[in-house]
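Peer 1: Quick one: the structure is below, and I'll ask about it shortly.
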Amino acid sequence: MRFDETGKVTLDHIYTQPDPRTYFSVLRPLGYRVPQQAKPYFAKLIKEYRESEQVAAPQVLDIGCSYGINAALVKYDATMDELYERYEDDGENAGEDGGREALLARDRELSRSRRPAQPIRFVGLDAAGSALSYALEAGFLDDAVHADLENDEPTPRQRDQLSGTDLVISTGCLGYVTERTLTHVVRAQGGRLPWMAHFVLRMFPFDRVEGALAELGYRTVRVDEVFKQRRFASPEEQALVLDGMSAAGVDTQGLEAEGWLYAQLYLSRPNGTSGHNDPNREQK
């Protein structure tokens, strides 16, 4: 078991497979659940944006979208339990083109047969080409931006794809993705400021991101509630993460110390946005 510099176990391989089976088979025993918890918050924010800005079908940019999980949940009202069952790998045709094509055909049927829960356009941004390609081919995403905006400037084509974004969401990639990516996204809007909702692991400080967004014209608020992301993959991972959080002055008692990684939700909207209510008074 390998660990990255943050102390987390390295799971890069689950994003490079031709279909989502490995992703779900690895994460299911760990109880990965944050997209399900994020779903009602995203749905509420999209509804508020539609009503406030009078946009019939908002465009949502999902940063670190992998196989289009958030799009499947929010746009087609799927659930994490449904997806775990859907991609359970019984070993047959694992990794073979025939297995991938069969899964794609089934997922295309899902995206064709289910009326979107609300009019919406989903664009995915990810550096993992295989996962991104699957999400687009399955019909979960309406467009896909294959880019690493931490290290590269967006191309003219990528800026065109990013433009028109109304809301920016993420569920766990911030910390690895930083204010550099978010700044590129905002600057691609030609002066418009999309609303944002990011679920960020407590082990990652949000100060620099919040500061960069403030310079761009945002006000950020943090929801009081904390959200279970997944169990630690091993006692060693837990020890490494707890050591890092302790060194950063983060109290883990009753949370990470009990065996789970936890995320917090940060909502960022342009300064002066009407109806910017206290999210801690909102009900899921």
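Lettering and numbering for the structure tokens are positional, with chains as A, B, ... in the shown order, residues counted from 1 in each chain, and ligands counted from 1 in the shown order.
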List the spatial neighbours of Lys228 of chain A as a compact mmCIF listing (two decimals) with C-alpha atoms, in the first residue's frame - criterion: any atom at most 9 Å away, only C-alpha atoms, same-chain residues fewer than 5 positions off excluded.
Peer 2:
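The result, written out as part-v1.txt:
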```
# COMPACT_ATOMS: atom_id res chain seq x y z
CA GLY A 31 -17.94 3.27 2.55
CA TYR A 32 -17.26 6.13 0.14
CA ARG A 33 -20.38 8.28 0.29
CA VAL A 34 -19.73 12.01 -0.05
CA GLN A 37 -24.43 13.61 0.82
CA LEU A 255 -14.08 12.66 13.79
CA TRP A 260 -13.37 8.19 8.91
CA LEU A 261 -12.16 10.97 6.66
CA TYR A 262 -14.49 13.97 6.91
CA ALA A 263 -15.25 16.81 4.50
```
Peer 1: Write out as JSON, numbers by chain which residues come within 9 Å of segment 137-152 of chain A when counting only C-alpha atoms, dropping same-chain ones fewer than 6 positions away.
Peer 2: {"A": [67, 68, 69, 70, 71, 72, 75, 76, 103, 104, 105, 106, 107, 108, 109, 110, 111, 112, 121, 122, 123, 124, 125, 126, 127, 128, 129, 158, 161, 162, 176, 177, 178, 179, 180, 181, 182, 184, 185]}
Peer 1: Would you mind listing what lies within 10 Å of Tyr218 of chain A as a list in words, with only C-alpha atoms counted and same-chain residues fewer than 3 positions away left out?
Peer 2: Leu193, Pro194, Trp195, Met196, Glu210, Gly211, Ala212, Leu213, Ala214, Glu215, Val221, Leu267, Ser268, Arg269, Pro270, Asn271, Gly272 and Thr273 of chain A
Peer 1: Of the residues A:Val226, A:Ile63, A:Ala43, A:Met1, which is the one nearest to Val168 of chain A, using only C-alpha atoms?
Peer 2: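 Going through A:Val226, A:Ile63, A:Ala43, A:Met1 one by one, the smallest distance to Val168 of chain A is for A:Ile63.
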Peer 1: Leaving out segment 12-29 of chain A and any residue of its chain fewer than 2 positions from it, which residues lie within 9 Å of it when counting only C-alpha atoms, given as a PyMOL selection string?
Peer 2: chain A and resi 10+31-33+66-67+83-89+94-97+99-100+103-104+128-135+230-231+233
Peer 1: Could you work out how far atom CA of Gly172 of chain A lies from atom CA of Arg192 of chain A, giving the answer in Å with one decimal?
Peer 2: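 Taking atom CA of Arg192 of chain A and atom CA of Gly172 of chain A, their separation equals 24.8 Å.
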Peer 1: Go through A:Gln189, A:Gln229, A:Gln54, A:Thr220 and flag the residue nearest Cys173 of chain A, using only C-alpha atoms for the distances.
Peer 2: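 Nearest candidate to Cys173 of chain A out of A:Gln189, A:Gln229, A:Gln54, A:Thr220: A:Gln229.
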Peer 1: Report the distance between atom CA of Thr165 of chain A and atom CA of Leu11 of chain A in Å, rounded to one decimal place.
Peer 2: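 Between atom CA of Thr165 of chain A and atom CA of Leu11 of chain A the gap is 29.1 Å.
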